[in-house]
Amino acid sequence: MKTFYTDAHAGHAPEQEFEGGRWTPAVEIPARAEAVLAEVRARGFGSIEPPRHFGHVPILRVHDAGFVNFLSTLTDEWRRYHGPEADVALASAWPGRGLRDVPTRTVEGQIGHYCFDTATPVLPGTWPAALAAANVALTAADALARGERAAFALTRPPGHHASGDVYGGYCFLNNAAIAAQALTDRGFRTAVLDVDYHHGNGTQTIFYKRSDVLTVSLHADPDYAYPHYLGFADERGAGAGEGFNLNLPLPLGTAWDGYAPALDAAIARVAAHRPDALVVSLGLDTYAGDPISKFKLTADDYFRMGAVIAGAGAQTLFVMEGGYAIGDLGRIAANVLEGFLQAAR
Ligand code: 6XA
Ligand code: ZN
């Protein structure tokens, strides 16, 4: 299995995020991807290749042009408004209930329209890093189109919280959705399976009214976990997409005994869709040692997870999402890939 990677992600290196009413050390940092890269290299799964550049067209298949323009010019606009030293763009007001979500003249108004939380600072290096991550996912998708059984897009910043026109949750461009759309555009019947601890609200929203791309997610119940406002079991898709979104919210403290039946149900739904391509949003924050999450999967459970995913029988694209236990992150990511490779033989 090839891994696709570029060190361009390191341009997005937040030091802090605003969380729980205070600035706290950022957890979505370059060391995450570096740890996974080192382990994937050491385990010898296959070549590690840089992304090619696909331009804006495949990104605009998923994201709104105004959103892309906003993100790509945000640092400039932020500095115009807040002064040349201002290098952390963060929303501080939103068009909540009773207010009007209308286009406004200043970046202070626009940022609340395009962002949904305070955990996602935009720095001068953020847009190039986000663009590079999308290109990593697109290059890996292209490997599937060329016939590879599987590929690993070692992406950061992650993507699954970003919808067509809203960013947040450490995510800017939805790498997995962009890849899923690119595969669909090349004639693949496509499904997305999201195993990140957090519900992939962006991915769900992007494909919610469509039947061509199935979206399935296992995650911490939003009743107690981020992103709080989407990811409930009764969200099944709408219009033509009715029945093509499956959410499997799980209780606090879920370990493999509770996780495995839900993963089996998820894979059964994926298999029933008969996809040619399966895009896996590979969040690793379900790990017992994760500093921001509350599931209890062990390192060995990730071998099992990879093997179960192989059972879907589709060409599979793993796209990295969350996971913050940096000391173990490489090992658990590689365990998924190894479990998959052994079962897919
Ligand atoms: C912000 C939490 C963001 C969660 C990011 C994540 N307080 N998403 O891992 O998958
Ligand atoms: Zn997550």
# chains A, B, ... in the order shown; residues from 1 in each chain; ligands from 1
>>> residues_near_ligand(ligand="ligand 1", cutoff="10 Å", atoms="only C-alpha atoms and all ligand atoms", output="ChimeraX atom specification")
/A:17-20,26-28,117-120,158-161,168-171,194-201,219,225-227,281-286,290,292-293,320-324
>>> write_last_selection(atoms="N, CA and C atoms", output="CSV table (one decimal), in the first residue's frame")
chain,number,residue,atom,x,y,z
A,17,GLU,N,-5.2,26.8,20.9
A,17,GLU,CA,-6.6,26.9,20.5
A,17,GLU,C,-7.4,27.4,21.6
A,18,PHE,N,-8.5,28.0,21.3
A,18,PHE,CA,-9.4,28.6,22.4
A,18,PHE,C,-10.5,27.6,22.7
A,19,GLU,N,-10.5,27.1,23.9
A,19,GLU,CA,-11.2,25.9,24.3
A,19,GLU,C,-11.6,26.0,25.8
A,20,GLY,N,-12.8,25.8,26.1
A,20,GLY,CA,-13.3,25.8,27.5
A,20,GLY,C,-13.0,27.2,28.1
A,26,ALA,N,-2.4,23.7,21.5
A,26,ALA,CA,-3.0,23.1,20.3
A,26,ALA,C,-2.7,21.6,20.3
A,27,VAL,N,-3.6,20.8,19.9
A,27,VAL,CA,-3.3,19.3,19.8
A,27,VAL,C,-3.2,18.9,18.3
A,28,GLU,N,-3.7,19.7,17.4
A,28,GLU,CA,-3.6,19.3,16.0
A,28,GLU,C,-2.4,19.9,15.4
A,117,ASP,N,-16.5,27.3,15.1
A,117,ASP,CA,-16.0,27.1,16.5
A,117,ASP,C,-14.8,28.0,16.7
A,118,THR,N,-14.3,27.9,18.0
A,118,THR,CA,-13.1,28.7,18.3
A,118,THR,C,-11.8,27.8,18.4
A,119,ALA,N,-11.9,26.6,18.0
A,119,ALA,CA,-10.8,25.6,18.1
A,119,ALA,C,-9.9,25.6,16.9
A,120,THR,N,-10.3,26.5,15.9
A,120,THR,CA,-9.7,26.3,14.6
A,120,THR,C,-9.0,27.6,14.1
A,158,PRO,N,-6.8,17.9,9.2
A,158,PRO,CA,-7.9,16.9,8.9
A,158,PRO,C,-9.0,17.7,8.1
A,159,GLY,N,-10.1,16.9,7.8
A,159,GLY,CA,-11.1,17.5,6.9
A,159,GLY,C,-12.5,17.3,7.3
A,160,HIS,N,-12.8,16.2,8.1
A,160,HIS,CA,-14.2,15.7,8.1
A,160,HIS,C,-15.3,16.7,8.7
A,161,HIS,N,-14.8,17.7,9.5
A,161,HIS,CA,-15.8,18.6,10.0
A,161,HIS,C,-16.1,19.8,9.0
A,168,GLY,N,-14.2,24.3,10.7
A,168,GLY,CA,-14.1,24.2,12.1
A,168,GLY,C,-13.6,22.8,12.5
A,169,GLY,N,-13.5,22.6,13.8
A,169,GLY,CA,-13.0,21.3,14.3
A,169,GLY,C,-11.6,20.9,13.8
A,170,TYR,N,-10.8,21.9,13.6
A,170,TYR,CA,-9.4,21.7,13.1
A,170,TYR,C,-9.4,21.4,11.6
A,171,CYS,N,-10.5,21.5,10.9
A,171,CYS,CA,-10.6,21.1,9.5
A,171,CYS,C,-11.0,22.4,8.6
A,194,ASP,N,-16.6,6.7,8.3
A,194,ASP,CA,-15.9,7.6,9.2
A,194,ASP,C,-15.8,7.0,10.5
A,195,VAL,N,-14.5,6.6,10.9
A,195,VAL,CA,-14.3,6.0,12.2
A,195,VAL,C,-13.7,6.9,13.2
A,196,ASP,N,-13.6,8.2,12.9
A,196,ASP,CA,-13.1,9.1,13.9
A,196,ASP,C,-14.0,9.1,15.1
A,197,TYR,N,-13.4,9.4,16.3
A,197,TYR,CA,-14.2,9.6,17.5
A,197,TYR,C,-15.3,10.6,17.4
A,198,HIS,N,-15.1,11.7,16.6
A,198,HIS,CA,-16.0,12.7,16.4
A,198,HIS,C,-16.9,12.5,15.2
A,199,HIS,N,-18.1,12.9,15.3
A,199,HIS,CA,-19.0,12.8,14.0
A,199,HIS,C,-18.4,13.7,12.9
A,200,GLY,N,-18.4,13.2,11.7
A,200,GLY,CA,-17.9,13.9,10.6
A,200,GLY,C,-19.0,14.8,10.0
A,201,ASN,N,-19.4,15.8,10.7
A,201,ASN,CA,-20.6,16.6,10.3
A,201,ASN,C,-20.4,17.2,8.9
A,219,HIS,N,-19.3,7.1,15.9
A,219,HIS,CA,-18.7,8.2,16.7
A,219,HIS,C,-19.3,8.3,18.1
A,225,ALA,N,-20.7,14.7,23.1
A,225,ALA,CA,-19.4,15.0,22.5
A,225,ALA,C,-19.5,15.9,21.3
A,226,TYR,N,-18.4,16.6,21.1
A,226,TYR,CA,-18.2,17.4,19.9
A,226,TYR,C,-18.5,16.6,18.6
A,227,PRO,N,-19.1,17.1,17.6
A,227,PRO,CA,-19.5,18.5,17.4
A,227,PRO,C,-20.9,18.9,17.9
A,281,SER,N,-12.5,7.7,6.5
A,281,SER,CA,-12.0,8.8,7.3
A,281,SER,C,-11.4,8.2,8.6
A,282,LEU,N,-10.0,8.1,8.6
A,282,LEU,CA,-9.3,7.4,9.6
A,282,LEU,C,-8.9,8.3,10.8
A,283,GLY,N,-9.9,8.5,11.7
A,283,GLY,CA,-9.6,9.2,12.9
A,283,GLY,C,-9.1,8.1,13.9
A,284,LEU,N,-8.0,8.5,14.7
A,284,LEU,CA,-7.4,7.6,15.6
A,284,LEU,C,-7.6,8.0,17.0
A,285,ASP,N,-8.6,8.9,17.2
A,285,ASP,CA,-8.9,9.4,18.5
A,285,ASP,C,-9.9,8.6,19.3
A,286,THR,N,-10.2,7.4,18.8
A,286,THR,CA,-11.0,6.4,19.6
A,286,THR,C,-10.1,5.6,20.6
A,290,ASP,N,-6.1,8.6,24.0
A,290,ASP,CA,-6.2,9.9,23.4
A,290,ASP,C,-6.5,11.0,24.4
A,292,ILE,N,-8.1,13.9,24.2
A,292,ILE,CA,-9.3,14.7,24.1
A,292,ILE,C,-10.6,13.8,24.0
A,293,SER,N,-10.4,12.5,24.0
A,293,SER,CA,-11.6,11.7,23.7
A,293,SER,C,-11.8,10.7,24.8
A,320,MET,N,-6.3,10.2,6.7
A,320,MET,CA,-6.2,10.5,8.1
A,320,MET,C,-7.0,11.7,8.6
A,321,GLU,N,-7.7,11.5,9.7
A,321,GLU,CA,-8.4,12.6,10.3
A,321,GLU,C,-7.8,12.9,11.7
A,322,GLY,N,-8.5,12.8,12.8
A,322,GLY,CA,-8.0,13.1,14.1
A,322,GLY,C,-7.2,12.0,14.8
A,323,GLY,N,-6.8,12.3,16.1
A,323,GLY,CA,-6.0,11.3,16.8
A,323,GLY,C,-4.8,12.1,17.4
A,324,TYR,N,-4.7,12.2,18.7
A,324,TYR,CA,-3.8,13.1,19.4
A,324,TYR,C,-2.8,12.5,20.4
>>> select_by_dssp(residues="segment 197-294 of chain A", states="alpha helix (DSSP H)", output="PDB file with all heavy atoms, in the first residue's frame")
ATOM      1  N   ASN A 201     -19.390  15.817  10.674  1.00  0.00           N
ATOM      2  CA  ASN A 201     -20.559  16.615  10.272  1.00  0.00           C
ATOM      3  C   ASN A 201     -20.401  17.211   8.876  1.00  0.00           C
ATOM      4  O   ASN A 201     -21.382  17.343   8.129  1.00  0.00           O
ATOM      5  CB  ASN A 201     -20.816  17.732  11.288  1.00  0.00           C
ATOM      6  CG  ASN A 201     -19.619  18.654  11.451  1.00  0.00           C
ATOM      7  OD1 ASN A 201     -18.616  18.241  12.045  1.00  0.00           O
ATOM      8  ND2 ASN A 201     -19.694  19.852  10.924  1.00  0.00           N
ATOM      9  N   GLY A 202     -19.168  17.568   8.511  1.00  0.00           N
ATOM     10  CA  GLY A 202     -18.952  18.164   7.192  1.00  0.00           C
ATOM     11  C   GLY A 202     -19.225  17.170   6.080  1.00  0.00           C
ATOM     12  O   GLY A 202     -19.946  17.454   5.114  1.00  0.00           O
ATOM     13  N   THR A 203     -18.691  15.976   6.217  1.00  0.00           N
ATOM     14  CA  THR A 203     -18.888  14.938   5.208  1.00  0.00           C
ATOM     15  C   THR A 203     -20.364  14.589   5.090  1.00  0.00           C
ATOM     16  O   THR A 203     -20.904  14.466   3.979  1.00  0.00           O
ATOM     17  CB  THR A 203     -18.070  13.686   5.591  1.00  0.00           C
ATOM     18  OG1 THR A 203     -16.726  14.093   5.886  1.00  0.00           O
ATOM     19  CG2 THR A 203     -18.080  12.668   4.461  1.00  0.00           C
ATOM     20  N   GLN A 204     -21.019  14.428   6.224  1.00  0.00           N
ATOM     21  CA  GLN A 204     -22.455  14.120   6.197  1.00  0.00           C
ATOM     22  C   GLN A 204     -23.219  15.194   5.432  1.00  0.00           C
ATOM     23  O   GLN A 204     -24.050  14.901   4.575  1.00  0.00           O
ATOM     24  CB  GLN A 204     -23.005  14.013   7.625  1.00  0.00           C
ATOM     25  CG  GLN A 204     -24.535  13.938   7.655  1.00  0.00           C
ATOM     26  CD  GLN A 204     -25.091  13.640   9.040  1.00  0.00           C
ATOM     27  OE1 GLN A 204     -24.594  12.773   9.748  1.00  0.00           O
ATOM     28  NE2 GLN A 204     -26.135  14.351   9.433  1.00  0.00           N
ATOM     29  N   THR A 205     -22.941  16.447   5.745  1.00  0.00           N
ATOM     30  CA  THR A 205     -23.673  17.558   5.126  1.00  0.00           C
ATOM     31  C   THR A 205     -23.433  17.610   3.616  1.00  0.00           C
ATOM     32  O   THR A 205     -24.371  17.828   2.837  1.00  0.00           O
ATOM     33  CB  THR A 205     -23.254  18.883   5.796  1.00  0.00           C
ATOM     34  OG1 THR A 205     -23.567  18.791   7.189  1.00  0.00           O
ATOM     35  CG2 THR A 205     -23.974  20.074   5.193  1.00  0.00           C
ATOM     36  N   ILE A 206     -22.199  17.383   3.216  1.00  0.00           N
ATOM     37  CA  ILE A 206     -21.855  17.469   1.785  1.00  0.00           C
ATOM     38  C   ILE A 206     -22.664  16.462   0.957  1.00  0.00           C
ATOM     39  O   ILE A 206     -23.141  16.773  -0.136  1.00  0.00           O
ATOM     40  CB  ILE A 206     -20.333  17.273   1.596  1.00  0.00           C
ATOM     41  CG1 ILE A 206     -19.589  18.538   2.064  1.00  0.00           C
ATOM     42  CG2 ILE A 206     -19.981  16.939   0.140  1.00  0.00           C
ATOM     43  CD1 ILE A 206     -18.094  18.354   2.279  1.00  0.00           C
ATOM     44  N   PHE A 207     -22.836  15.266   1.489  1.00  0.00           N
ATOM     45  CA  PHE A 207     -23.486  14.210   0.692  1.00  0.00           C
ATOM     46  C   PHE A 207     -24.917  13.905   1.141  1.00  0.00           C
ATOM     47  O   PHE A 207     -25.512  12.931   0.666  1.00  0.00           O
ATOM     48  CB  PHE A 207     -22.631  12.928   0.746  1.00  0.00           C
ATOM     49  CG  PHE A 207     -21.269  13.104   0.131  1.00  0.00           C
ATOM     50  CD1 PHE A 207     -20.118  13.012   0.912  1.00  0.00           C
ATOM     51  CD2 PHE A 207     -21.127  13.370  -1.228  1.00  0.00           C
ATOM     52  CE1 PHE A 207     -18.848  13.178   0.343  1.00  0.00           C
ATOM     53  CE2 PHE A 207     -19.870  13.537  -1.798  1.00  0.00           C
ATOM     54  CZ  PHE A 207     -18.734  13.439  -1.010  1.00  0.00           C
ATOM     55  N   TRP A 256     -13.750  -2.088  22.667  1.00  0.00           N
ATOM     56  CA  TRP A 256     -13.921  -2.914  21.475  1.00  0.00           C
ATOM     57  C   TRP A 256     -15.198  -3.762  21.538  1.00  0.00           C
ATOM     58  O   TRP A 256     -15.849  -3.987  20.523  1.00  0.00           O
ATOM     59  CB  TRP A 256     -12.684  -3.795  21.243  1.00  0.00           C
ATOM     60  CG  TRP A 256     -12.788  -4.568  19.966  1.00  0.00           C
ATOM     61  CD1 TRP A 256     -13.016  -5.897  19.831  1.00  0.00           C
ATOM     62  CD2 TRP A 256     -12.712  -4.029  18.633  1.00  0.00           C
ATOM     63  NE1 TRP A 256     -13.081  -6.235  18.489  1.00  0.00           N
ATOM     64  CE2 TRP A 256     -12.894  -5.104  17.738  1.00  0.00           C
ATOM     65  CE3 TRP A 256     -12.504  -2.744  18.115  1.00  0.00           C
ATOM     66  CZ2 TRP A 256     -12.883  -4.933  16.350  1.00  0.00           C
ATOM     67  CZ3 TRP A 256     -12.491  -2.572  16.740  1.00  0.00           C
ATOM     68  CH2 TRP A 256     -12.677  -3.664  15.873  1.00  0.00           C
ATOM     69  N   ASP A 257     -15.586  -4.215  22.728  1.00  0.00           N
ATOM     70  CA  ASP A 257     -16.789  -5.065  22.815  1.00  0.00           C
ATOM     71  C   ASP A 257     -18.043  -4.314  22.378  1.00  0.00           C
ATOM     72  O   ASP A 257     -18.964  -4.921  21.812  1.00  0.00           O
ATOM     73  CB  ASP A 257     -16.958  -5.645  24.234  1.00  0.00           C
ATOM     74  CG  ASP A 257     -17.182  -4.575  25.299  1.00  0.00           C
ATOM     75  OD1 ASP A 257     -16.790  -3.405  25.064  1.00  0.00           O
ATOM     76  OD2 ASP A 257     -17.761  -4.889  26.354  1.00  0.00           O
ATOM     77  N   GLY A 258     -18.074  -3.013  22.599  1.00  0.00           N
ATOM     78  CA  GLY A 258     -19.199  -2.218  22.116  1.00  0.00           C
ATOM     79  C   GLY A 258     -18.966  -1.681  20.708  1.00  0.00           C
ATOM     80  O   GLY A 258     -19.915  -1.442  19.963  1.00  0.00           O
ATOM     81  N   TYR A 259     -17.712  -1.506  20.380  1.00  0.00           N
ATOM     82  CA  TYR A 259     -17.372  -0.912  19.090  1.00  0.00           C
ATOM     83  C   TYR A 259     -17.542  -1.918  17.949  1.00  0.00           C
ATOM     84  O   TYR A 259     -18.056  -1.576  16.877  1.00  0.00           O
ATOM     85  CB  TYR A 259     -15.919  -0.410  19.123  1.00  0.00           C
ATOM     86  CG  TYR A 259     -15.576   0.540  17.990  1.00  0.00           C
ATOM     87  CD1 TYR A 259     -15.795   1.915  18.123  1.00  0.00           C
ATOM     88  CD2 TYR A 259     -15.053   0.065  16.800  1.00  0.00           C
ATOM     89  CE1 TYR A 259     -15.501   2.786  17.093  1.00  0.00           C
ATOM     90  CE2 TYR A 259     -14.750   0.941  15.758  1.00  0.00           C
ATOM     91  CZ  TYR A 259     -14.972   2.294  15.912  1.00  0.00           C
ATOM     92  OH  TYR A 259     -14.686   3.156  14.883  1.00  0.00           O
ATOM     93  N   ALA A 260     -17.117  -3.160  18.190  1.00  0.00           N
ATOM     94  CA  ALA A 260     -17.085  -4.165  17.122  1.00  0.00           C
ATOM     95  C   ALA A 260     -18.455  -4.412  16.484  1.00  0.00           C
ATOM     96  O   ALA A 260     -18.558  -4.433  15.242  1.00  0.00           O
ATOM     97  CB  ALA A 260     -16.488  -5.477  17.651  1.00  0.00           C
ATOM     98  N   PRO A 261     -19.539  -4.576  17.274  1.00  0.00           N
ATOM     99  CA  PRO A 261     -20.844  -4.789  16.636  1.00  0.00           C
ATOM    100  C   PRO A 261     -21.271  -3.594  15.781  1.00  0.00           C
ATOM    101  O   PRO A 261     -21.884  -3.771  14.718  1.00  0.00           O
ATOM    102  CB  PRO A 261     -21.810  -4.977  17.812  1.00  0.00           C
ATOM    103  CG  PRO A 261     -20.973  -5.208  19.011  1.00  0.00           C
ATOM    104  CD  PRO A 261     -19.610  -4.680  18.736  1.00  0.00           C
ATOM    105  N   ALA A 262     -20.956  -2.391  16.241  1.00  0.00           N
ATOM    106  CA  ALA A 262     -21.317  -1.195  15.458  1.00  0.00           C
ATOM    107  C   ALA A 262     -20.499  -1.149  14.169  1.00  0.00           C
ATOM    108  O   ALA A 262     -21.028  -0.808  13.099  1.00  0.00           O
ATOM    109  CB  ALA A 262     -21.080   0.064  16.294  1.00  0.00           C
ATOM    110  N   LEU A 263     -19.221  -1.518  14.265  1.00  0.00           N
ATOM    111  CA  LEU A 263     -18.388  -1.531  13.050  1.00  0.00           C
ATOM    112  C   LEU A 263     -18.894  -2.590  12.069  1.00  0.00           C
ATOM    113  O   LEU A 263     -18.937  -2.349  10.854  1.00  0.00           O
ATOM    114  CB  LEU A 263     -16.917  -1.783  13.422  1.00  0.00           C
ATOM    115  CG  LEU A 263     -15.917  -1.737  12.266  1.00  0.00           C
ATOM    116  CD1 LEU A 263     -15.929  -0.374  11.554  1.00  0.00           C
ATOM    117  CD2 LEU A 263     -14.495  -2.039  12.769  1.00  0.00           C
ATOM    118  N   ASP A 264     -19.315  -3.737  12.603  1.00  0.00           N
ATOM    119  CA  ASP A 264     -19.897  -4.776  11.728  1.00  0.00           C
ATOM    120  C   ASP A 264     -21.149  -4.251  11.022  1.00  0.00           C
ATOM    121  O   ASP A 264     -21.336  -4.490   9.821  1.00  0.00           O
ATOM    122  CB  ASP A 264     -20.252  -6.030  12.538  1.00  0.00           C
ATOM    123  CG  ASP A 264     -19.021  -6.813  12.989  1.00  0.00           C
ATOM    124  OD1 ASP A 264     -17.936  -6.610  12.391  1.00  0.00           O
ATOM    125  OD2 ASP A 264     -19.141  -7.610  13.928  1.00  0.00           O
ATOM    126  N   ALA A 265     -21.993  -3.544  11.769  1.00  0.00           N
ATOM    127  CA  ALA A 265     -23.221  -2.983  11.172  1.00  0.00           C
ATOM    128  C   ALA A 265     -22.867  -1.948  10.109  1.00  0.00           C
ATOM    129  O   ALA A 265     -23.507  -1.884   9.042  1.00  0.00           O
ATOM    130  CB  ALA A 265     -24.090  -2.354  12.258  1.00  0.00           C
ATOM    131  N   ALA A 266     -21.852  -1.153  10.392  1.00  0.00           N
ATOM    132  CA  ALA A 266     -21.415  -0.135   9.429  1.00  0.00           C
ATOM    133  C   ALA A 266     -20.919  -0.797   8.141  1.00  0.00           C
ATOM    134  O   ALA A 266     -21.276  -0.380   7.031  1.00  0.00           O
ATOM    135  CB  ALA A 266     -20.310   0.729  10.045  1.00  0.00           C
ATOM    136  N   ILE A 267     -20.114  -1.838   8.297  1.00  0.00           N
ATOM    137  CA  ILE A 267     -19.556  -2.517   7.119  1.00  0.00           C
ATOM    138  C   ILE A 267     -20.664  -3.239   6.345  1.00  0.00           C
ATOM    139  O   ILE A 267     -20.651  -3.274   5.109  1.00  0.00           O
ATOM    140  CB  ILE A 267     -18.431  -3.499   7.535  1.00  0.00           C
ATOM    141  CG1 ILE A 267     -17.220  -2.703   8.041  1.00  0.00           C
ATOM    142  CG2 ILE A 267     -18.028  -4.408   6.388  1.00  0.00           C
ATOM    143  CD1 ILE A 267     -16.540  -1.807   7.011  1.00  0.00           C
ATOM    144  N   ALA A 268     -21.636  -3.779   7.060  1.00  0.00           N
ATOM    145  CA  ALA A 268     -22.767  -4.422   6.366  1.00  0.00           C
ATOM    146  C   ALA A 268     -23.518  -3.408   5.512  1.00  0.00           C
ATOM    147  O   ALA A 268     -23.896  -3.693   4.367  1.00  0.00           O
ATOM    148  CB  ALA A 268     -23.708  -5.068   7.382  1.00  0.00           C
ATOM    149  N   ARG A 269     -23.721  -2.210   6.052  1.00  0.00           N
ATOM    150  CA  ARG A 269     -24.402  -1.167   5.271  1.00  0.00           C
ATOM    151  C   ARG A 269     -23.553  -0.747   4.072  1.00  0.00           C
ATOM    152  O   ARG A 269     -24.062  -0.561   2.961  1.00  0.00           O
ATOM    153  CB  ARG A 269     -24.710   0.054   6.163  1.00  0.00           C
ATOM    154  CG  ARG A 269     -25.411   1.203   5.418  1.00  0.00           C
ATOM    155  CD  ARG A 269     -26.805   0.813   4.942  1.00  0.00           C
ATOM    156  NE  ARG A 269     -27.396   1.808   4.055  1.00  0.00           N
ATOM    157  CZ  ARG A 269     -27.326   1.753   2.705  1.00  0.00           C
ATOM    158  NH1 ARG A 269     -26.655   0.773   2.110  1.00  0.00           N
ATOM    159  NH2 ARG A 269     -27.912   2.665   1.972  1.00  0.00           N
ATOM    160  N   VAL A 270     -22.256  -0.600   4.296  1.00  0.00           N
ATOM    161  CA  VAL A 270     -21.348  -0.246   3.188  1.00  0.00           C
ATOM    162  C   VAL A 270     -21.403  -1.327   2.109  1.00  0.00           C
ATOM    163  O   VAL A 270     -21.565  -1.031   0.919  1.00  0.00           O
ATOM    164  CB  VAL A 270     -19.897  -0.063   3.703  1.00  0.00           C
ATOM    165  CG1 VAL A 270     -18.907  -0.007   2.540  1.00  0.00           C
ATOM    166  CG2 VAL A 270     -19.784   1.201   4.554  1.00  0.00           C
ATOM    167  N   ALA A 271     -21.306  -2.590   2.523  1.00  0.00           N
ATOM    168  CA  ALA A 271     -21.285  -3.690   1.550  1.00  0.00           C
ATOM    169  C   ALA A 271     -22.581  -3.736   0.755  1.00  0.00           C
ATOM    170  O   ALA A 271     -22.579  -4.033  -0.453  1.00  0.00           O
ATOM    171  CB  ALA A 271     -21.030  -5.016   2.261  1.00  0.00           C
ATOM    172  N   ALA A 272     -23.708  -3.421   1.421  1.00  0.00           N
ATOM    173  CA  ALA A 272     -25.005  -3.433   0.729  1.00  0.00           C
ATOM    174  C   ALA A 272     -25.071  -2.366  -0.365  1.00  0.00           C
ATOM    175  O   ALA A 272     -25.833  -2.497  -1.327  1.00  0.00           O
ATOM    176  CB  ALA A 272     -26.133  -3.213   1.743  1.00  0.00           C
ATOM    177  N   HIS A 273     -24.274  -1.331  -0.221  1.00  0.00           N
ATOM    178  CA  HIS A 273     -24.204  -0.257  -1.236  1.00  0.00           C
ATOM    179  C   HIS A 273     -23.418  -0.729  -2.470  1.00  0.00           C
ATOM    180  O   HIS A 273     -23.494  -0.123  -3.524  1.00  0.00           O
ATOM    181  CB  HIS A 273     -23.532   0.963  -0.597  1.00  0.00           C
ATOM    182  CG  HIS A 273     -23.571   2.226  -1.419  1.00  0.00           C
ATOM    183  ND1 HIS A 273     -24.731   2.888  -1.729  1.00  0.00           N
ATOM    184  CD2 HIS A 273     -22.568   2.958  -1.988  1.00  0.00           C
ATOM    185  CE1 HIS A 273     -24.441   3.972  -2.452  1.00  0.00           C
ATOM    186  NE2 HIS A 273     -23.146   4.030  -2.621  1.00  0.00           N
TER     187      HIS A 273
END
>>> residues_around(residues="segment 178-181 of chain A", least_positions_apart="6", cutoff="7 Å", atoms="only C-alpha atoms", output="ChimeraX atom specification")
/A:58-59,62,137-138,141,190,279
>>> write_last_selection(atoms="all heavy atoms", output="short mmCIF file (atom, residue, chain, number, x, y, z; two decimals), in the first residue's frame")
data_model
loop_
_atom_site.label_atom_id
_atom_site.label_comp_id
_atom_site.auth_asym_id
_atom_site.auth_seq_id
_atom_site.Cartn_x
_atom_site.Cartn_y
_atom_site.Cartn_z
N PRO A 58 -11.25 20.16 -8.64
CA PRO A 58 -11.83 19.09 -7.81
C PRO A 58 -12.23 19.55 -6.41
O PRO A 58 -13.11 18.95 -5.78
CB PRO A 58 -10.71 18.03 -7.73
CG PRO A 58 -9.46 18.74 -8.13
CD PRO A 58 -9.85 19.88 -9.02
N ILE A 59 -11.62 20.64 -5.94
CA ILE A 59 -12.00 21.19 -4.63
C ILE A 59 -13.36 21.88 -4.74
O ILE A 59 -14.22 21.74 -3.87
CB ILE A 59 -10.90 22.15 -4.13
CG1 ILE A 59 -9.64 21.33 -3.82
CG2 ILE A 59 -11.37 22.94 -2.91
CD1 ILE A 59 -8.40 22.14 -3.58
N VAL A 62 -16.73 20.18 -4.31
CA VAL A 62 -17.22 19.93 -2.95
C VAL A 62 -17.45 21.24 -2.18
O VAL A 62 -18.40 21.36 -1.40
CB VAL A 62 -16.20 19.02 -2.21
CG1 VAL A 62 -16.39 19.07 -0.70
CG2 VAL A 62 -16.31 17.58 -2.71
N ALA A 137 -4.91 13.76 -0.73
CA ALA A 137 -6.09 12.88 -0.84
C ALA A 137 -6.42 12.62 -2.31
O ALA A 137 -6.76 11.48 -2.69
CB ALA A 137 -7.27 13.51 -0.12
N LEU A 138 -6.32 13.64 -3.15
CA LEU A 138 -6.63 13.47 -4.57
C LEU A 138 -5.60 12.58 -5.26
O LEU A 138 -5.97 11.77 -6.14
CB LEU A 138 -6.68 14.84 -5.27
CG LEU A 138 -7.95 15.66 -4.99
CD1 LEU A 138 -7.75 17.13 -5.37
CD2 LEU A 138 -9.14 15.06 -5.76
N ALA A 141 -6.45 9.12 -4.25
CA ALA A 141 -7.65 8.67 -4.98
C ALA A 141 -7.28 8.27 -6.40
O ALA A 141 -7.79 7.27 -6.94
CB ALA A 141 -8.70 9.79 -5.00
N THR A 190 -19.23 4.96 -4.76
CA THR A 190 -18.37 5.33 -3.63
C THR A 190 -19.14 5.36 -2.31
O THR A 190 -20.30 5.76 -2.26
CB THR A 190 -17.74 6.72 -3.90
OG1 THR A 190 -17.08 6.67 -5.16
CG2 THR A 190 -16.74 7.09 -2.84
N VAL A 279 -13.91 5.16 0.92
CA VAL A 279 -13.03 6.17 1.52
C VAL A 279 -13.23 6.08 3.03
O VAL A 279 -14.35 6.23 3.52
CB VAL A 279 -13.37 7.58 1.01
CG1 VAL A 279 -12.51 8.63 1.70
CG2 VAL A 279 -13.20 7.65 -0.51
#
>>> residues_around(residues="Ala38 of chain A", least_positions_apart="2", cutoff="12 Å", atoms="only C-alpha atoms", output="VMD selection string")
chain A and resid 3 5 31 to 36 40 to 45 48 154 326 to 331 333 to 334
>>> closest_residue(among="A:His9, A:Arg236, A:Lys294, A:Arg61", to="ligand 2", atoms="only C-alpha atoms and all ligand atoms")
A:Lys294
